[in-house]
file input-v3.txt (compact mmCIF, C-alpha atoms)
# COMPACT_ATOMS: atom_id res chain seq x y z
CA MET A 832 160.97 214.17 -58.66
CA ALA A 833 157.82 213.36 -60.62
CA ALA A 834 156.65 216.04 -63.02
CA SER A 835 153.30 216.32 -61.27
CA THR A 836 154.68 217.43 -57.89
CA GLY A 837 156.90 220.13 -56.51
CA GLY A 838 157.44 222.29 -59.58
CA ARG A 839 156.30 225.85 -60.17
CA ALA A 840 153.58 226.52 -62.74
CA ILE A 841 152.77 229.93 -64.18
CA VAL A 842 149.25 230.32 -65.55
CA ILE A 843 148.67 233.26 -67.90
CA GLY A 844 145.01 234.27 -67.92
CA GLY A 845 142.66 234.27 -64.95
CA SER A 846 139.35 233.43 -66.61
CA LEU A 847 137.64 230.05 -66.34
CA GLY A 848 140.17 227.97 -68.27
CA GLY A 849 143.09 229.40 -66.33
CA LEU A 850 141.34 228.90 -63.01
CA ILE A 851 140.46 225.28 -63.78
CA ALA A 852 144.07 224.56 -64.77
CA ALA A 853 145.45 226.34 -61.71
CA ASN A 854 143.19 224.50 -59.27
CA LEU A 855 143.97 221.14 -60.87
CA LEU A 856 147.72 221.76 -60.77
CA LEU A 857 147.60 223.01 -57.18
CA ARG A 858 145.83 219.87 -56.03
CA ALA A 859 148.40 217.75 -57.85
CA GLY A 860 151.24 219.30 -55.86
CA TRP A 861 152.38 222.16 -58.06
CA GLN A 862 153.17 225.62 -56.76
CA VAL A 863 150.81 227.65 -58.95
CA ASP A 864 150.32 231.35 -59.61
CA VAL A 865 147.77 232.90 -61.96
CA TYR A 866 148.54 236.19 -63.73
CA GLU A 867 145.60 238.14 -65.13
CA ARG A 868 145.97 241.17 -67.39
CA VAL A 869 143.09 243.24 -66.03
CA GLY A 870 143.41 245.01 -62.73
CA GLU A 871 140.18 243.94 -61.05
CA ALA A 872 137.78 241.02 -60.74
CA LEU A 873 136.64 239.79 -64.13
CA ALA A 874 133.06 240.07 -65.28
CA GLY A 875 131.40 237.66 -67.68
CA ARG A 876 128.97 240.35 -68.82
CA GLY A 877 126.04 238.04 -68.28
CA ALA A 878 127.28 235.17 -70.42
CA GLY A 879 125.33 231.96 -70.01
CA ILE A 880 127.09 228.60 -70.06
CA VAL A 881 125.78 225.19 -71.06
CA THR A 882 127.23 222.55 -68.76
CA HIS A 883 128.21 218.99 -69.58
CA ASP A 884 129.12 215.96 -67.47
CA GLU A 885 132.76 216.35 -68.52
CA LEU A 886 132.77 219.89 -67.12
CA PHE A 887 131.31 218.79 -63.79
CA ARG A 888 133.90 216.02 -63.46
CA ALA A 889 136.70 218.52 -64.08
CA LEU A 890 135.26 221.03 -61.60
CA GLU A 891 134.97 218.42 -58.88
CA ARG A 892 138.54 217.31 -59.53
CA ALA A 893 139.57 220.97 -59.26
CA GLY A 894 138.06 221.23 -55.79
CA VAL A 895 134.68 222.77 -56.64
CA ARG A 896 131.67 221.29 -54.89
CA ILE A 897 128.78 220.76 -57.30
CA ASP A 898 125.23 221.05 -55.99
CA ASP A 899 121.89 222.42 -57.15
CA SER A 900 123.10 226.01 -56.70
CA VAL A 901 125.55 225.68 -59.61
CA GLY A 902 122.82 226.40 -62.17
CA VAL A 903 119.25 225.98 -63.34
CA ARG A 904 117.99 222.62 -64.53
CA VAL A 905 115.73 222.31 -67.56
CA GLU A 906 114.01 219.16 -68.75
CA ARG A 907 112.91 219.99 -72.30
CA ARG A 908 113.80 221.75 -75.54
CA ILE A 909 111.37 223.70 -77.70
CA VAL A 910 111.50 225.44 -81.09
CA PHE A 911 109.23 228.37 -81.97
CA ASP A 912 108.26 229.71 -85.36
CA ARG A 913 108.25 233.47 -85.93
CA ASP A 914 104.56 233.70 -85.09
CA GLY A 915 105.11 232.04 -81.70
CA SER A 916 103.72 228.64 -82.66
CA VAL A 917 105.66 225.52 -81.67
CA LEU A 918 107.62 223.76 -84.42
CA GLY A 919 109.01 221.02 -82.23
CA GLU A 920 109.59 219.90 -78.66
CA ARG A 921 111.52 217.07 -77.04
CA PRO A 922 112.84 216.03 -73.61
CA MET A 923 116.49 216.81 -72.80
CA ARG A 924 117.79 217.33 -69.29
CA GLN A 925 120.52 219.95 -68.93
CA VAL A 926 121.95 222.31 -66.32
CA LEU A 927 122.51 225.91 -67.44
CA THR A 928 124.71 228.24 -65.48
CA ALA A 929 126.31 231.67 -65.77
CA TRP A 930 129.92 232.68 -66.31
CA GLY A 931 129.96 234.65 -63.07
CA ARG A 932 128.79 231.66 -61.03
CA LEU A 933 131.61 229.40 -62.25
CA TYR A 934 134.19 232.18 -61.92
CA ARG A 935 133.27 232.72 -58.28
CA LEU A 936 133.34 229.00 -57.46
CA LEU A 937 136.72 228.51 -59.10
CA LYS A 938 138.30 231.66 -57.72
CA ASP A 939 137.13 230.82 -54.20
CA ALA A 940 138.75 227.38 -54.55
CA LEU A 941 142.15 228.96 -55.29
CA PRO A 942 144.07 230.63 -52.42
CA ALA A 943 143.74 234.39 -52.89
CA GLU A 944 147.48 234.99 -52.73
CA ARG A 945 147.96 232.85 -55.85
CA TYR A 946 145.82 235.06 -58.12
CA HIS A 947 147.50 238.24 -59.36
CA PHE A 948 145.63 241.04 -61.15
CA GLY A 949 147.20 243.70 -63.35
CA HIS A 950 149.92 241.58 -64.96
CA GLU A 951 150.05 242.15 -68.71
CA LEU A 952 152.33 239.63 -70.39
CA ARG A 953 154.86 240.96 -72.86
CA ARG A 954 156.84 237.86 -73.84
CA VAL A 955 157.89 234.38 -72.80
CA GLU A 956 161.49 233.14 -72.58
CA GLN A 957 162.63 229.60 -71.87
CA ASP A 958 165.59 227.25 -71.77
CA GLU A 959 166.00 223.54 -71.08
CA ARG A 960 165.23 223.90 -67.37
CA SER A 961 162.81 226.78 -66.93
CA VAL A 962 160.38 229.23 -68.50
CA THR A 963 160.03 232.93 -67.68
CA ALA A 964 157.06 235.25 -68.15
CA ARG A 965 158.01 238.90 -68.57
CA PHE A 966 155.33 241.48 -67.83
CA ALA A 967 154.73 245.11 -68.72
CA GLY A 968 156.53 247.32 -66.22
CA GLY A 969 159.56 245.06 -65.99
CA GLY A 970 158.39 242.29 -63.64
CA SER A 971 159.01 238.64 -64.38
CA GLU A 972 158.18 235.19 -62.99
CA THR A 973 160.03 231.93 -63.59
CA GLY A 974 158.91 228.33 -63.25
CA GLU A 975 159.13 224.88 -64.77
CA LEU A 976 155.81 225.11 -66.67
CA LEU A 977 153.80 227.91 -68.28
CA VAL A 978 150.13 227.38 -69.16
CA ALA A 979 148.69 229.89 -71.62
CA ALA A 980 144.99 230.34 -70.91
CA ASP A 981 144.85 233.92 -72.15
CA GLY A 982 142.00 233.54 -74.61
CA ILE A 983 141.34 234.18 -78.25
CA ARG A 984 143.80 237.11 -78.42
CA SER A 985 146.50 235.13 -76.61
CA THR A 986 149.82 236.92 -76.25
CA VAL A 987 151.55 233.58 -75.75
CA ARG A 988 150.10 232.07 -78.94
CA ALA A 989 150.93 235.21 -80.91
CA GLN A 990 154.58 234.76 -79.93
CA MET A 991 154.80 231.00 -80.32
CA LEU A 992 152.50 230.51 -83.31
CA PRO A 993 151.99 233.88 -85.03
CA GLU A 994 150.33 232.34 -88.08
CA ALA A 995 147.36 231.14 -85.99
CA LYS A 996 144.90 234.02 -86.06
CA PRO A 997 141.16 234.31 -85.34
CA VAL A 998 139.04 234.35 -88.49
CA TYR A 999 135.72 236.24 -88.51
CA ALA A 1000 132.78 233.96 -89.32
CA GLY A 1001 130.58 236.60 -90.96
CA TYR A 1002 128.02 237.00 -88.17
CA VAL A 1003 127.63 238.23 -84.62
CA ALA A 1004 125.79 237.16 -81.51
CA TRP A 1005 123.68 239.51 -79.46
CA ARG A 1006 123.60 238.29 -75.86
CA GLY A 1007 121.52 239.50 -72.95
CA LEU A 1008 119.70 238.70 -69.73
CA ALA A 1009 116.11 239.45 -68.79
CA GLY A 1010 114.93 239.22 -65.19
CA GLU A 1011 112.40 236.47 -64.54
CA ARG A 1012 109.82 238.82 -63.04
CA ALA A 1013 110.06 241.20 -66.00
CA LEU A 1014 108.45 238.62 -68.30
CA GLY A 1015 104.73 238.25 -68.75
CA ALA A 1016 102.99 235.11 -67.58
CA SER A 1017 102.52 233.62 -71.06
CA THR A 1018 106.15 234.23 -72.08
CA HIS A 1019 107.39 232.85 -68.79
CA ALA A 1020 105.30 229.70 -69.20
CA ALA A 1021 106.48 229.21 -72.80
CA LEU A 1022 110.19 229.74 -72.21
CA PHE A 1023 111.41 229.71 -68.69
CA GLU A 1024 111.69 226.04 -67.80
CA LYS A 1025 113.03 225.07 -71.23
CA PHE A 1026 115.97 225.46 -73.59
CA GLY A 1027 114.30 227.41 -76.40
CA PHE A 1028 115.03 228.21 -80.04
CA CYS A 1029 113.56 230.45 -82.72
CA LEU A 1030 114.44 230.12 -86.40
CA SER A 1031 114.37 233.12 -88.73
CA PRO A 1032 115.86 233.09 -92.24
CA GLY A 1033 119.65 233.41 -91.99
CA GLU A 1034 119.50 233.86 -88.22
CA GLN A 1035 119.11 231.83 -85.05
CA MET A 1036 117.89 232.68 -81.55
CA LEU A 1037 118.28 230.49 -78.51
CA GLY A 1038 117.78 231.00 -74.81
CA TYR A 1039 117.62 229.34 -71.42
CA PRO A 1040 117.21 230.23 -67.73
CA VAL A 1041 120.26 230.96 -65.55
CA ALA A 1042 120.85 232.19 -62.02
CA GLY A 1043 119.85 235.72 -61.15
CA PRO A 1044 121.74 238.47 -59.31
CA ASN A 1045 123.88 237.13 -56.44
CA ASN A 1046 123.78 233.75 -58.20
CA SER A 1047 120.26 233.02 -56.96
CA THR A 1048 118.53 230.00 -58.51
CA GLU A 1049 115.34 230.60 -56.52
CA PRO A 1050 112.22 230.75 -58.74
CA GLY A 1051 111.28 234.37 -59.31
CA LYS A 1052 114.87 235.57 -58.91
CA ARG A 1053 116.44 233.95 -61.95
CA ARG A 1054 117.16 235.43 -65.38
CA TYR A 1055 116.62 234.32 -68.96
CA ASN A 1056 119.76 234.30 -71.08
CA PHE A 1057 119.47 234.74 -74.86
CA VAL A 1058 121.94 234.40 -77.73
CA TRP A 1059 120.82 235.79 -81.09
CA TYR A 1060 123.02 235.05 -84.11
CA ARG A 1061 122.76 237.61 -86.91
CA PRO A 1062 124.74 238.16 -90.14
CA ALA A 1063 127.06 241.18 -90.29
CA ASP A 1064 129.50 241.53 -93.18
CA ALA A 1065 133.09 242.36 -92.30
CA ASP A 1066 133.40 245.42 -94.56
CA GLU A 1067 130.43 247.56 -93.52
CA ALA A 1068 127.99 246.09 -91.01
CA LEU A 1069 130.50 244.87 -88.43
CA PRO A 1070 132.56 248.10 -88.27
CA GLU A 1071 129.30 250.03 -87.88
CA LEU A 1072 128.26 247.84 -84.96
CA LEU A 1073 131.67 248.29 -83.33
CA THR A 1074 131.62 252.10 -83.45
CA ASP A 1075 130.65 254.06 -80.33
CA GLU A 1076 128.95 257.44 -79.91
CA THR A 1077 132.28 259.32 -80.12
CA GLY A 1078 133.13 257.71 -83.46
CA ARG A 1079 135.74 255.41 -81.99
CA ARG A 1080 135.79 252.11 -83.87
CA TYR A 1081 136.76 249.04 -81.85
CA LYS A 1082 138.74 246.38 -83.66
CA HIS A 1083 137.44 243.09 -82.25
CA SER A 1084 134.68 243.78 -79.71
CA ILE A 1085 132.96 246.69 -78.05
CA PRO A 1086 132.18 247.13 -74.31
CA PRO A 1087 128.42 246.85 -73.72
CA ASP A 1088 128.19 250.36 -72.28
CA ARG A 1089 129.80 251.78 -75.45
CA ILE A 1090 127.26 250.33 -77.90
CA ARG A 1091 125.27 253.18 -79.41
CA ALA A 1092 121.66 253.54 -78.29
CA ARG A 1093 120.44 253.65 -81.89
CA VAL A 1094 122.16 250.32 -82.60
CA ILE A 1095 120.40 248.70 -79.64
CA ASP A 1096 117.09 250.31 -80.61
CA ALA A 1097 117.41 248.93 -84.14
CA MET A 1098 118.21 245.47 -82.76
CA ARG A 1099 115.10 245.57 -80.55
CA ARG A 1100 112.93 246.65 -83.51
CA ASP A 1101 114.32 243.75 -85.52
CA ALA A 1102 113.49 241.39 -82.66
CA ASP A 1103 109.84 242.51 -82.79
CA ALA A 1104 109.75 242.00 -86.56
CA LEU A 1105 111.73 238.76 -86.90
CA LEU A 1106 111.45 236.72 -83.71
CA ALA A 1107 108.72 234.79 -82.00
CA PRO A 1108 106.91 237.22 -79.66
CA GLN A 1109 108.14 235.25 -76.65
CA PHE A 1110 111.76 235.93 -77.56
CA ALA A 1111 111.04 239.50 -78.65
CA GLU A 1112 109.79 240.17 -75.13
CA VAL A 1113 113.00 238.79 -73.66
CA VAL A 1114 115.07 241.07 -75.91
CA ARG A 1115 113.02 244.11 -74.93
CA ASN A 1116 113.66 243.41 -71.25
CA ALA A 1117 117.42 242.81 -71.46
CA ALA A 1118 119.04 245.76 -69.73
CA LEU A 1119 122.53 245.89 -71.30
CA PRO A 1120 122.92 243.63 -74.36
CA LEU A 1121 126.36 242.40 -75.31
CA LEU A 1122 127.59 242.21 -78.92
CA GLN A 1123 129.93 239.32 -79.72
CA PRO A 1124 131.51 238.97 -83.17
CA ILE A 1125 131.93 235.26 -83.93
CA PHE A 1126 135.40 233.94 -84.77
CA ASP A 1127 137.10 230.62 -85.55
CA LEU A 1128 140.61 229.80 -84.38
CA GLU A 1129 142.75 226.71 -84.94
CA SER A 1130 146.28 226.07 -83.69
CA ALA A 1131 148.55 223.59 -85.44
CA ARG A 1132 150.55 223.14 -82.24
CA LEU A 1133 149.70 223.26 -78.53
CA ALA A 1134 153.10 222.55 -76.96
CA PHE A 1135 156.29 224.62 -77.18
CA GLY A 1136 158.97 223.24 -74.89
CA ARG A 1137 157.73 224.14 -71.40
CA VAL A 1138 154.74 226.13 -72.68
CA ALA A 1139 151.26 224.68 -73.27
CA ILE A 1140 148.27 226.54 -74.68
CA ILE A 1141 144.76 225.57 -73.60
CA GLY A 1142 141.15 226.65 -74.03
CA ASP A 1143 140.39 229.57 -76.32
CA ALA A 1144 144.10 230.33 -76.66
CA ALA A 1145 144.37 227.07 -78.61
CA PHE A 1146 141.04 226.56 -80.40
CA VAL A 1147 137.93 228.70 -80.61
CA ALA A 1148 134.80 227.01 -81.91
CA ARG A 1149 131.68 228.99 -82.72
CA PRO A 1150 129.36 228.90 -79.70
CA HIS A 1151 126.76 226.61 -81.34
CA CYS A 1152 128.42 223.61 -79.67
CA GLY A 1153 128.07 225.14 -76.21
CA MET A 1154 131.39 223.50 -75.39
CA GLY A 1155 133.83 226.39 -74.87
CA VAL A 1156 134.29 226.07 -71.11
CA THR A 1157 133.97 222.28 -71.21
CA LYS A 1158 136.71 222.08 -73.86
CA ALA A 1159 138.98 224.30 -71.75
CA ALA A 1160 138.33 222.03 -68.77
CA GLY A 1161 139.09 218.96 -70.87
CA ASP A 1162 142.34 220.55 -72.02
CA ALA A 1163 143.35 221.25 -68.41
CA VAL A 1164 142.54 217.71 -67.28
CA ALA A 1165 144.46 216.18 -70.18
CA LEU A 1166 147.44 218.41 -69.44
CA LEU A 1167 147.45 217.36 -65.79
CA ASP A 1168 147.15 213.67 -66.67
CA CYS A 1169 150.09 213.94 -69.07
CA LEU A 1170 152.20 215.72 -66.47
CA ALA A 1171 151.45 212.98 -63.96
CA GLY A 1172 153.36 210.47 -66.10
CA GLY A 1173 156.66 211.62 -64.63
CA GLU A 1174 158.49 211.89 -67.95
CA GLY A 1175 159.33 215.56 -67.58
CA VAL A 1176 157.51 218.69 -68.68
CA PRO A 1177 158.49 218.88 -72.39
CA ALA A 1178 157.59 215.24 -73.02
CA ALA A 1179 154.35 215.61 -71.08
CA LEU A 1180 153.38 218.64 -73.12
CA ARG A 1181 154.04 216.81 -76.37
CA ALA A 1182 151.74 214.05 -75.16
CA TYR A 1183 149.12 216.67 -74.27
CA GLU A 1184 149.30 218.09 -77.79
CA THR A 1185 148.83 214.63 -79.30
CA ALA A 1186 145.84 214.00 -77.06
CA ARG A 1187 143.97 217.29 -77.51
CA ARG A 1188 144.77 218.76 -80.91
CA PRO A 1189 142.53 216.34 -82.87
CA PHE A 1190 139.56 217.13 -80.65
CA GLY A 1191 140.14 220.87 -80.95
CA ALA A 1192 140.17 220.61 -84.75
CA TYR A 1193 137.07 218.43 -84.71
CA ILE A 1194 135.01 220.77 -82.55
CA VAL A 1195 135.93 223.80 -84.70
CA GLY A 1196 134.80 221.93 -87.81
CA HIS A 1197 131.62 220.71 -86.17
CA ALA A 1198 130.75 224.23 -85.02
CA ARG A 1199 131.26 225.54 -88.56
CA HIS A 1200 128.80 222.93 -89.78
CA LEU A 1201 126.24 224.03 -87.18
CA GLY A 1202 126.78 227.63 -88.28
CA GLU A 1203 125.80 226.92 -91.89
CA ALA A 1204 122.37 228.38 -91.14
CA MET A 1205 123.95 231.83 -90.84
CA ARG A 1206 125.77 231.73 -94.18
CA SER A 1207 124.48 234.31 -96.61
CA PRO A 1208 124.35 234.61 -99.53
CA ARG A 1209 124.34 230.98 -100.63
CA ARG A 1210 126.84 230.33 -103.36
CA ASP A 1211 125.24 227.20 -104.75
CA ALA A 1212 122.44 224.68 -104.31
CA ALA A 1213 124.57 222.44 -102.08
CA GLU A 1214 125.07 225.29 -99.60
CA SER A 1215 121.35 225.99 -99.59
CA THR A 1216 120.64 222.31 -98.92
CA ARG A 1217 123.10 222.20 -96.01
CA ALA A 1218 121.66 225.40 -94.56
CA GLY A 1219 118.15 224.01 -94.78
CA LYS A 1220 119.20 220.86 -92.95
CA VAL A 1221 120.83 222.67 -90.03
CA ARG A 1222 117.81 224.97 -89.75
CA ALA A 1223 115.32 222.13 -89.29
CA ALA A 1224 113.70 222.06 -85.85
CA GLU A 1225 114.65 218.47 -85.12
CA PHE A 1226 118.27 219.06 -86.12
CA VAL A 1227 118.52 222.17 -83.95
CA MET A 1228 117.09 220.42 -80.89
CA ASN A 1229 119.32 217.37 -81.35
CA GLU A 1230 122.62 219.04 -82.27
CA ILE A 1231 122.95 222.54 -80.79
CA ALA A 1232 124.74 222.71 -77.40
CA VAL A 1233 124.71 218.98 -76.65
CA ASP A 1234 127.31 216.46 -75.54
CA LEU A 1235 129.51 215.43 -78.46
CA PRO A 1236 130.37 211.84 -79.38
CA ARG A 1237 134.01 210.92 -78.84

call {"tool": "encode", "arguments": {"input": "input-v3.txt", "output": "C-alpha cells"}}
result
Amino acid sequence: MAASTGGRAIVIGGSLGGLIAANLLLRAGWQVDVYERVGEALAGRGAGIVTHDELFRALERAGVRIDDSVGVRVERRIVFDRDGSVLGERPMRQVLTAWGRLYRLLKDALPAERYHFGHELRRVEQDERSVTARFAGGGSETGELLVAADGIRSTVRAQMLPEAKPVYAGYVAWRGLAGERALGASTHAALFEKFGFCLSPGEQMLGYPVAGPNNSTEPGKRRYNFVWYRPADADEALPELLTDETGRRYKHSIPPDRIRARVIDAMRRDADALLAPQFAEVVRNAALPLLQPIFDLESARLAFGRVAIIGDAAFVARPHCGMGVTKAAGDAVALLDCLAGGEGVPAALRAYETARRPFGAYIVGHARHLGEAMRSPRRDAAESTRAGKVRAAEFVMNEIAVDLPR
C-alpha cells in the first residue's frame, strides 16, 4: 500500500499548521485525527496574517475555497515619519486576513469528529511499525504517522530534540485591532486602504486592514490591525510586562485580559509621544491589546522515525517576514508530497527534512536581519550601519512581509 493512502495519521496541535496538515492528509487518503491541548475553540486574539500565493495554493489543495471574503486587499504601501508626514510610498498588492478567518475556514473543511479538544500530550512512543501519542489522563492513540504542529513550546520537539529551545530576541510586539468606524476621517484616509509603517528610533510600527467581527470585509465593518515592535530587556523590562495585577509573573506570554491597566496606559502614552498621529489614534482605539515577546527557534532535525515536526514546532522566525502561516503550509505540503512517493513513512520523513530544513534556517536568519532595527544598544559602528539600512523607508517597504525569493 502506498504511503499516501490508507494509513492513520495523528496530528498534535489544532491551530492553523495542524489544520492545514490534517486537511491535506485527509484528502490524500489518510485517516486523520487532530488532538488539541485546549478544551475549547481556539482564539487568535486578533492576530492579523499576511497572505502569500504559496499559502493560497496550499489552502486550495487542503479543500478551502478562496474568494474575496478571505481577507482585505490593499494596493499600496506607505511609510510615515513621527510627525505624520510621508517618507515613502509604493504600489504593492497584497491580501491581509485574520487568524480567526483562516481557522474557521480550515476547521470547517475538516469533519468535526476528527478534531479533538482537551488532549494534552505527555509523550510519544514508537517502534518500526507504529507511533503512539500518550495523553494526560491515560488516553493514547496509535497510527503510522505523527505530525507535530504544537507550536513554539512543542511537547513533541522537547522530547525528540530537547536542545532546540526558543531564544528571546530582546523585544516585544504589541498587537491590537481598532474598528474601522472608530477612526477619524483623516486617519482612515491615510491608513485604511494601505499597508502602513512608522519608524521610530529602535522601534517599528506596522499596520493593515483586516476583516471585522464575524469576518466581515464590508467597508465600514472592518478593523485595522497593528503590530508595534518595542525593545524590552530580558532581566527587568520583560518580566515587568509579564506580571499581572496579582503579582503573578508569566514565563513566556501573558493573556491579554491579565495585562495590567497601567502597563497599557503607559504603552498608549508612548504611542502618542513616539508614533505618527495616525498610528497613535489606532493604538488608542484598540480595545484589548496583546503583548507578544519575540523569539527565535531553530531545529537541527525535523524527522524522527515516524514523527515529523512542522510549522512553529520546527522553526520560528521573527514576524517581520510575515511568513509564519505560509511556512507552516509549505511544510505541510512538502510533507504530503514526500509521503506520496510510496517509499514508506520513515524514508518520506527523511526526505521532508532534507527539503524543508534549509528553508527554515534561511527564514530565521532573514528575519533576524530584518529585526536589526530593534537592536539596542549598538555594540559597534557596523551594527549601527546595518540598523540604519533596515530602518530606511525604501528597505522597509520592499522587504518587510513580502514574498521571499527561493

call {"tool": "atom_distance", "arguments": {"input": "input-v3.txt", "atom1": "atom CA of A:Val1114", "atom2": "atom CA of A:Glu1049"}}
result
22.0 Å

call {"tool": "closest_residue", "arguments": {"input": "input-v3.txt", "among": "A:Thr986, A:Thr1185, A:Thr963, A:Ser916", "to": "A:Arg839", "atoms": "all atoms listed in the file"}}
result
A:Thr963

call {"tool": "residues_near_point", "arguments": {"input": "input-v3.txt", "point": "(136.8, 228.8, -72.7)", "cutoff": "7 Å", "atoms": "all atoms listed in the file", "output": "ChimeraX atom specification"}}
result
/A:847-848,1142-1143,1155-1156,1158-1159

call {"tool": "residues_around", "arguments": {"input": "input-v3.txt", "residues": "A:Leu937", "least_positions_apart": "5", "cutoff": "8 Å", "atoms": "only C-alpha atoms", "output": "JSON, numbers by chain"}}
result
{"A": [847, 850, 851, 854, 895]}

call {"tool": "atom_distance", "arguments": {"input": "input-v3.txt", "atom1": "atom CA of A:Glu975", "atom2": "atom CA of A:Ala872"}}
result
27.1 Å

call {"tool": "atom_distance", "arguments": {"input": "input-v3.txt", "atom1": "atom CA of A:Met991", "atom2": "atom CA of A:Val1147"}}
result
17.0 Å

call {"tool": "residues_near_point", "arguments": {"input": "input-v3.txt", "point": "(108.4, 224.1, -65.3)", "cutoff": "12 Å", "atoms": "only C-alpha atoms", "output": "list in words"}}
result
Val903, Arg904, Val905, Glu906, Arg907, Arg908, His1019, Ala1020, Ala1021, Leu1022, Phe1023, Glu1024, Lys1025, Phe1026, Pro1040 and Pro1050 of chain A

call {"tool": "closest_residue", "arguments": {"input": "input-v3.txt", "among": "A:Tyr866, A:Trp1059, A:Phe966, A:Tyr1002", "to": "A:Ile1125", "atoms": "only C-alpha atoms"}}
result
A:Tyr1002

call {"tool": "residues_around", "arguments": {"input": "input-v3.txt", "residues": "A:Asp864", "least_positions_apart": "2", "cutoff": "8 Å", "atoms": "all atoms listed in the file", "output": "compact mmCIF listing (two decimals) with C-alpha atoms, keeping the file's coordinate frame"}}
result
# COMPACT_ATOMS: atom_id res chain seq x y z
CA ALA A 840 153.58 226.52 -62.74
CA ILE A 841 152.77 229.93 -64.18
CA VAL A 842 149.25 230.32 -65.55
CA ALA A 853 145.45 226.34 -61.71
CA GLN A 862 153.17 225.62 -56.76
CA TYR A 866 148.54 236.19 -63.73
CA ARG A 945 147.96 232.85 -55.85
CA TYR A 946 145.82 235.06 -58.12
CA HIS A 947 147.50 238.24 -59.36

call {"tool": "closest_residue", "arguments": {"input": "input-v3.txt", "among": "A:Leu927, A:Ala1204, A:Val1003, A:Leu1170", "to": "A:Tyr1055", "atoms": "all atoms listed in the file"}}
result
A:Leu927

call {"tool": "closest_residue", "arguments": {"input": "input-v3.txt", "among": "A:Ala878, A:Ser846, A:Pro1032, A:Ile983", "to": "A:Arg1054", "atoms": "all atoms listed in the file"}}
result
A:Ala878

call {"tool": "residues_around", "arguments": {"input": "input-v3.txt", "residues": "A:Arg1188", "least_positions_apart": "2", "cutoff": "12 Å", "atoms": "all atoms listed in the file", "output": "PDB file with C-alpha atoms, in the frame of the given file"}}
result
ATOM      1  CA  GLU A1129     142.750 226.710 -84.940  1.00  0.00           C
ATOM      2  CA  SER A1130     146.280 226.070 -83.690  1.00  0.00           C
ATOM      3  CA  ALA A1131     148.550 223.590 -85.440  1.00  0.00           C
ATOM      4  CA  ARG A1132     150.550 223.140 -82.240  1.00  0.00           C
ATOM      5  CA  LEU A1133     149.700 223.260 -78.530  1.00  0.00           C
ATOM      6  CA  ALA A1134     153.100 222.550 -76.960  1.00  0.00           C
ATOM      7  CA  ALA A1139     151.260 224.680 -73.270  1.00  0.00           C
ATOM      8  CA  ILE A1140     148.270 226.540 -74.680  1.00  0.00           C
ATOM      9  CA  ILE A1141     144.760 225.570 -73.600  1.00  0.00           C
ATOM     10  CA  GLY A1142     141.150 226.650 -74.030  1.00  0.00           C
ATOM     11  CA  ALA A1145     144.370 227.070 -78.610  1.00  0.00           C
ATOM     12  CA  PHE A1146     141.040 226.560 -80.400  1.00  0.00           C
ATOM     13  CA  LYS A1158     136.710 222.080 -73.860  1.00  0.00           C
ATOM     14  CA  GLY A1161     139.090 218.960 -70.870  1.00  0.00           C
ATOM     15  CA  ASP A1162     142.340 220.550 -72.020  1.00  0.00           C
ATOM     16  CA  ALA A1165     144.460 216.180 -70.180  1.00  0.00           C
ATOM     17  CA  LEU A1166     147.440 218.410 -69.440  1.00  0.00           C
ATOM     18  CA  LEU A1180     153.380 218.640 -73.120  1.00  0.00           C
ATOM     19  CA  ARG A1181     154.040 216.810 -76.370  1.00  0.00           C
ATOM     20  CA  ALA A1182     151.740 214.050 -75.160  1.00  0.00           C
ATOM     21  CA  TYR A1183     149.120 216.670 -74.270  1.00  0.00           C
ATOM     22  CA  GLU A1184     149.300 218.090 -77.790  1.00  0.00           C
ATOM     23  CA  THR A1185     148.830 214.630 -79.300  1.00  0.00           C
ATOM     24  CA  ALA A1186     145.840 214.000 -77.060  1.00  0.00           C
ATOM     25  CA  PHE A1190     139.560 217.130 -80.650  1.00  0.00           C
ATOM     26  CA  GLY A1191     140.140 220.870 -80.950  1.00  0.00           C
ATOM     27  CA  ALA A1192     140.170 220.610 -84.750  1.00  0.00           C
ATOM     28  CA  TYR A1193     137.070 218.430 -84.710  1.00  0.00           C
ATOM     29  CA  ILE A1194     135.010 220.770 -82.550  1.00  0.00           C
ATOM     30  CA  VAL A1195     135.930 223.800 -84.700  1.00  0.00           C
TER      31      VAL A1195
END

call {"tool": "residues_around", "arguments": {"input": "input-v3.txt", "residues": "stretch 1090-1093 of chain A", "least_positions_apart": "3", "cutoff": "12 Å", "atoms": "all atoms listed in the file", "output": "list in words"}}
result
Trp1005, Pro1070, Glu1071, Leu1072, Leu1073, Thr1074, Asp1075, Glu1076, Thr1077, Gly1078, Arg1079, Arg1080, Tyr1081, Ser1084, Ile1085, Pro1086, Pro1087, Asp1096, Ala1097, Met1098, Arg1099, Arg1100, Ala1118, Leu1119, Pro1120, Leu1121, Leu1122 and Gln1123 of chain A

call {"tool": "write_last_selection", "arguments": {"input": "input-v3.txt", "atoms": "C-alpha atoms", "output": "compact mmCIF listing (two decimals), keeping the file's coordinate frame"}}
result
# COMPACT_ATOMS: atom_id res chain seq x y z
CA TRP A 1005 123.68 239.51 -79.46
CA PRO A 1070 132.56 248.10 -88.27
CA GLU A 1071 129.30 250.03 -87.88
CA LEU A 1072 128.26 247.84 -84.96
CA LEU A 1073 131.67 248.29 -83.33
CA THR A 1074 131.62 252.10 -83.45
CA ASP A 1075 130.65 254.06 -80.33
CA GLU A 1076 128.95 257.44 -79.91
CA THR A 1077 132.28 259.32 -80.12
CA GLY A 1078 133.13 257.71 -83.46
CA ARG A 1079 135.74 255.41 -81.99
CA ARG A 1080 135.79 252.11 -83.87
CA TYR A 1081 136.76 249.04 -81.85
CA SER A 1084 134.68 243.78 -79.71
CA ILE A 1085 132.96 246.69 -78.05
CA PRO A 1086 132.18 247.13 -74.31
CA PRO A 1087 128.42 246.85 -73.72
CA ASP A 1096 117.09 250.31 -80.61
CA ALA A 1097 117.41 248.93 -84.14
CA MET A 1098 118.21 245.47 -82.76
CA ARG A 1099 115.10 245.57 -80.55
CA ARG A 1100 112.93 246.65 -83.51
CA ALA A 1118 119.04 245.76 -69.73
CA LEU A 1119 122.53 245.89 -71.30
CA PRO A 1120 122.92 243.63 -74.36
CA LEU A 1121 126.36 242.40 -75.31
CA LEU A 1122 127.59 242.21 -78.92
CA GLN A 1123 129.93 239.32 -79.72

call {"tool": "closest_residue", "arguments": {"input": "input-v3.txt", "among": "A:Gly1038, A:Gly902, A:Pro942, A:Gly844", "to": "A:Gly1153", "atoms": "all atoms listed in the file"}}
result
A:Gly1038
